$ cat start-v1.cif   # mmCIF, C-alpha atoms; chains and numbers go by the auth columns
data_upload
loop_
_atom_site.group_PDB
_atom_site.id
_atom_site.type_symbol
_atom_site.label_atom_id
_atom_site.label_comp_id
_atom_site.label_asym_id
_atom_site.label_seq_id
_atom_site.Cartn_x
_atom_site.Cartn_y
_atom_site.Cartn_z
_atom_site.B_iso_or_equiv
_atom_site.auth_seq_id
_atom_site.auth_asym_id
ATOM 1 C CA MET A 1 47.194 4.598 27.535 0.00 1 M
ATOM 2 C CA LYS A 2 45.798 7.294 25.291 0.00 2 M
ATOM 3 C CA MET A 3 44.405 4.650 22.884 0.00 3 M
ATOM 4 C CA LEU A 4 42.575 2.903 25.729 0.00 4 M
ATOM 5 C CA THR A 5 41.108 6.192 26.886 0.00 5 M
ATOM 6 C CA LEU A 6 39.890 6.918 23.353 0.00 6 M
ATOM 7 C CA GLU A 7 38.307 3.466 23.018 0.00 7 M
ATOM 8 C CA ALA A 8 36.602 3.853 26.386 0.00 8 M
ATOM 9 C CA ALA A 9 34.985 7.074 25.181 0.00 9 M
ATOM 10 C CA THR A 10 33.472 5.474 22.041 0.00 10 M
ATOM 11 C CA ALA A 11 30.017 3.937 21.801 0.00 11 M
ATOM 12 C CA ALA A 12 29.434 1.262 24.404 0.00 12 M
ATOM 13 C CA LEU A 13 28.739 -2.229 23.135 0.00 13 M
ATOM 14 C CA PHE A 14 25.812 -2.714 25.476 0.00 14 M
ATOM 15 C CA SER A 15 24.224 0.722 25.325 0.00 15 M
ATOM 16 C CA MET A 16 21.562 -0.545 22.931 0.00 16 M
ATOM 17 C CA THR A 17 18.930 -2.874 24.326 0.00 17 M
ATOM 18 C CA ILE A 18 16.843 -4.976 22.003 0.00 18 M
ATOM 19 C CA ASN A 19 13.326 -6.055 22.791 0.00 19 M
ATOM 20 C CA PRO A 20 13.077 -9.812 22.146 0.00 20 M
ATOM 21 C CA HIS A 21 9.671 -9.242 20.543 0.00 21 M
ATOM 22 C CA ASP A 22 11.101 -6.937 17.855 0.00 22 M
ATOM 23 C CA ALA A 23 11.098 -8.120 14.280 0.00 23 M
ATOM 24 C CA GLU A 24 14.293 -9.678 12.935 0.00 24 M
ATOM 25 C CA LYS A 25 14.635 -6.771 10.491 0.00 25 M
ATOM 26 C CA GLU A 26 14.825 -4.274 13.352 0.00 26 M
ATOM 27 C CA PHE A 27 17.381 -6.445 15.131 0.00 27 M
ATOM 28 C CA ASN A 28 19.584 -6.633 12.043 0.00 28 M
ATOM 29 C CA SER A 29 19.469 -2.876 11.447 0.00 29 M
ATOM 30 C CA SER A 30 20.311 -2.042 15.072 0.00 30 M
ATOM 31 C CA HIS A 31 23.048 -4.694 15.046 0.00 31 M
ATOM 32 C CA GLN A 32 24.563 -3.206 11.902 0.00 32 M
ATOM 33 C CA SER A 33 24.452 0.309 13.335 0.00 33 M
ATOM 34 C CA LEU A 34 26.183 -0.926 16.481 0.00 34 M
ATOM 35 C CA ILE A 35 28.918 -2.667 14.464 0.00 35 M
ATOM 36 C CA SER A 36 29.454 0.382 12.274 0.00 36 M
ATOM 37 C CA SER A 37 29.910 2.599 15.369 0.00 37 M
ATOM 38 C CA LEU A 38 32.901 0.542 16.583 0.00 38 M
ATOM 39 C CA THR A 39 36.465 1.697 16.056 0.00 39 M
ATOM 40 C CA PRO A 40 38.575 -0.413 13.659 0.00 40 M
ATOM 41 C CA HIS A 41 40.315 -2.115 16.614 0.00 41 M
ATOM 42 C CA GLN A 42 37.009 -2.894 18.325 0.00 42 M
ATOM 43 C CA ARG A 43 35.536 -4.175 15.059 0.00 43 M
ATOM 44 C CA GLY A 44 38.546 -6.432 14.542 0.00 44 M
ATOM 45 C CA ARG A 45 38.182 -7.922 18.015 0.00 45 M
ATOM 46 C CA TYR A 46 34.453 -8.342 17.465 0.00 46 M
ATOM 47 C CA GLN A 47 35.021 -10.201 14.184 0.00 47 M
ATOM 48 C CA PHE A 48 37.694 -12.401 15.778 0.00 48 M
ATOM 49 C CA PHE A 49 35.544 -13.461 18.723 0.00 49 M
ATOM 50 C CA LYS A 50 32.476 -13.873 16.534 0.00 50 M
ATOM 51 C CA GLY A 51 34.503 -16.233 14.359 0.00 51 M
ATOM 52 C CA GLU A 52 35.641 -18.150 17.441 0.00 52 M
ATOM 53 C CA ARG A 53 32.072 -18.432 18.700 0.00 53 M
ATOM 54 C CA ASP A 54 30.820 -19.628 15.304 0.00 54 M
ATOM 55 C CA PHE A 55 33.631 -22.205 15.161 0.00 55 M
ATOM 56 C CA VAL A 56 32.732 -23.623 18.581 0.00 56 M
ATOM 57 C CA ARG A 57 29.057 -23.665 17.624 0.00 57 M
ATOM 58 C CA SER A 58 29.950 -25.654 14.493 0.00 58 M
ATOM 59 C CA LEU A 59 31.919 -28.165 16.538 0.00 59 M
ATOM 60 C CA CYS A 60 29.043 -28.608 18.948 0.00 60 M
ATOM 61 C CA ASP A 61 26.627 -29.189 16.061 0.00 61 M
ATOM 62 C CA ILE A 62 28.947 -31.837 14.627 0.00 62 M
ATOM 63 C CA ALA A 63 29.250 -33.539 18.017 0.00 63 M
ATOM 64 C CA GLU A 64 25.487 -33.848 18.384 0.00 64 M
#

$ encode --input "start-v1.cif" --output "structure tokens"
Amino acid sequence: MKMLTLEAATAALFSMTINPHDAEKEFNSSHQSLISSLTPHQRGRYQFFKGERDFVRSLCDIAE
């Protein structure tokens, strides 16, 4: 329970909003700062689900 409380107190994933008209460079830098602010457990989950999403995207591209 203590670990969940600690994770809840860390930086929120959606606290940063990105203007769609921003340059890609600004998006990448804010994305990297968000990723670096995650705890190791959060970063691991992020990488896992990102890999899953990329896998499904690859399958959909093949199917088209």

$ atom_distance --input "start-v1.cif" --atom1 "CA of Cys60 (chain M)" --atom2 "CA of Arg45 (chain M)"
22.6 Å

$ atom_distance --input "start-v1.cif" --atom1 "CA of Arg57 (chain M)" --atom2 "CA of Gln42 (chain M)"
22.3 Å

$ atom_distance --input "start-v1.cif" --atom1 "CA of Ser33 (chain M)" --atom2 "CA of Ser58 (chain M)"
26.6 Å

$ build_atoms --input "start-v1.cif" --residues "region 38-56 of chain M" --atoms "N, CA and C atoms" --output "PDB file, in the coordinates of the input"
ATOM      1  N   LEU M  38      31.674   0.974  15.928  1.00  0.00           N
ATOM      2  CA  LEU M  38      32.901   0.542  16.583  1.00  0.00           C
ATOM      3  C   LEU M  38      34.131   1.115  15.883  1.00  0.00           C
ATOM      4  N   THR M  39      35.194   1.286  16.650  1.00  0.00           N
ATOM      5  CA  THR M  39      36.465   1.697  16.056  1.00  0.00           C
ATOM      6  C   THR M  39      37.036   0.503  15.291  1.00  0.00           C
ATOM      7  N   PRO M  40      37.994   0.721  14.397  1.00  0.00           N
ATOM      8  CA  PRO M  40      38.575  -0.413  13.659  1.00  0.00           C
ATOM      9  C   PRO M  40      39.149  -1.502  14.575  1.00  0.00           C
ATOM     10  N   HIS M  41      39.769  -1.123  15.681  1.00  0.00           N
ATOM     11  CA  HIS M  41      40.315  -2.115  16.614  1.00  0.00           C
ATOM     12  C   HIS M  41      39.195  -2.911  17.283  1.00  0.00           C
ATOM     13  N   GLN M  42      38.138  -2.214  17.694  1.00  0.00           N
ATOM     14  CA  GLN M  42      37.009  -2.894  18.325  1.00  0.00           C
ATOM     15  C   GLN M  42      36.327  -3.824  17.326  1.00  0.00           C
ATOM     16  N   ARG M  43      36.178  -3.360  16.093  1.00  0.00           N
ATOM     17  CA  ARG M  43      35.536  -4.175  15.059  1.00  0.00           C
ATOM     18  C   ARG M  43      36.364  -5.430  14.773  1.00  0.00           C
ATOM     19  N   GLY M  44      37.675  -5.289  14.760  1.00  0.00           N
ATOM     20  CA  GLY M  44      38.546  -6.432  14.542  1.00  0.00           C
ATOM     21  C   GLY M  44      38.415  -7.467  15.641  1.00  0.00           C
ATOM     22  N   ARG M  45      38.370  -6.995  16.893  1.00  0.00           N
ATOM     23  CA  ARG M  45      38.182  -7.922  18.015  1.00  0.00           C
ATOM     24  C   ARG M  45      36.804  -8.582  17.946  1.00  0.00           C
ATOM     25  N   TYR M  46      35.801  -7.790  17.593  1.00  0.00           N
ATOM     26  CA  TYR M  46      34.453  -8.342  17.465  1.00  0.00           C
ATOM     27  C   TYR M  46      34.430  -9.446  16.416  1.00  0.00           C
ATOM     28  N   GLN M  47      35.010  -9.199  15.253  1.00  0.00           N
ATOM     29  CA  GLN M  47      35.021 -10.201  14.184  1.00  0.00           C
ATOM     30  C   GLN M  47      35.787 -11.451  14.613  1.00  0.00           C
ATOM     31  N   PHE M  48      36.908 -11.272  15.313  1.00  0.00           N
ATOM     32  CA  PHE M  48      37.694 -12.401  15.778  1.00  0.00           C
ATOM     33  C   PHE M  48      36.881 -13.281  16.717  1.00  0.00           C
ATOM     34  N   PHE M  49      36.279 -12.672  17.751  1.00  0.00           N
ATOM     35  CA  PHE M  49      35.544 -13.461  18.723  1.00  0.00           C
ATOM     36  C   PHE M  49      34.249 -14.024  18.152  1.00  0.00           C
ATOM     37  N   LYS M  50      33.654 -13.335  17.217  1.00  0.00           N
ATOM     38  CA  LYS M  50      32.476 -13.873  16.534  1.00  0.00           C
ATOM     39  C   LYS M  50      32.867 -15.117  15.746  1.00  0.00           C
ATOM     40  N   GLY M  51      34.017 -15.069  15.089  1.00  0.00           N
ATOM     41  CA  GLY M  51      34.503 -16.233  14.359  1.00  0.00           C
ATOM     42  C   GLY M  51      34.790 -17.400  15.294  1.00  0.00           C
ATOM     43  N   GLU M  52      35.378 -17.104  16.454  1.00  0.00           N
ATOM     44  CA  GLU M  52      35.641 -18.150  17.441  1.00  0.00           C
ATOM     45  C   GLU M  52      34.340 -18.774  17.939  1.00  0.00           C
ATOM     46  N   ARG M  53      33.363 -17.936  18.224  1.00  0.00           N
ATOM     47  CA  ARG M  53      32.072 -18.432  18.700  1.00  0.00           C
ATOM     48  C   ARG M  53      31.390 -19.293  17.639  1.00  0.00           C
ATOM     49  N   ASP M  54      31.424 -18.854  16.391  1.00  0.00           N
ATOM     50  CA  ASP M  54      30.820 -19.628  15.304  1.00  0.00           C
ATOM     51  C   ASP M  54      31.538 -20.962  15.116  1.00  0.00           C
ATOM     52  N   PHE M  55      32.858 -20.969  15.280  1.00  0.00           N
ATOM     53  CA  PHE M  55      33.631 -22.205  15.161  1.00  0.00           C
ATOM     54  C   PHE M  55      33.217 -23.210  16.236  1.00  0.00           C
ATOM     55  N   VAL M  56      33.124 -22.740  17.486  1.00  0.00           N
ATOM     56  CA  VAL M  56      32.732 -23.623  18.581  1.00  0.00           C
ATOM     57  C   VAL M  56      31.302 -24.122  18.366  1.00  0.00           C
TER      58      VAL M  56
END
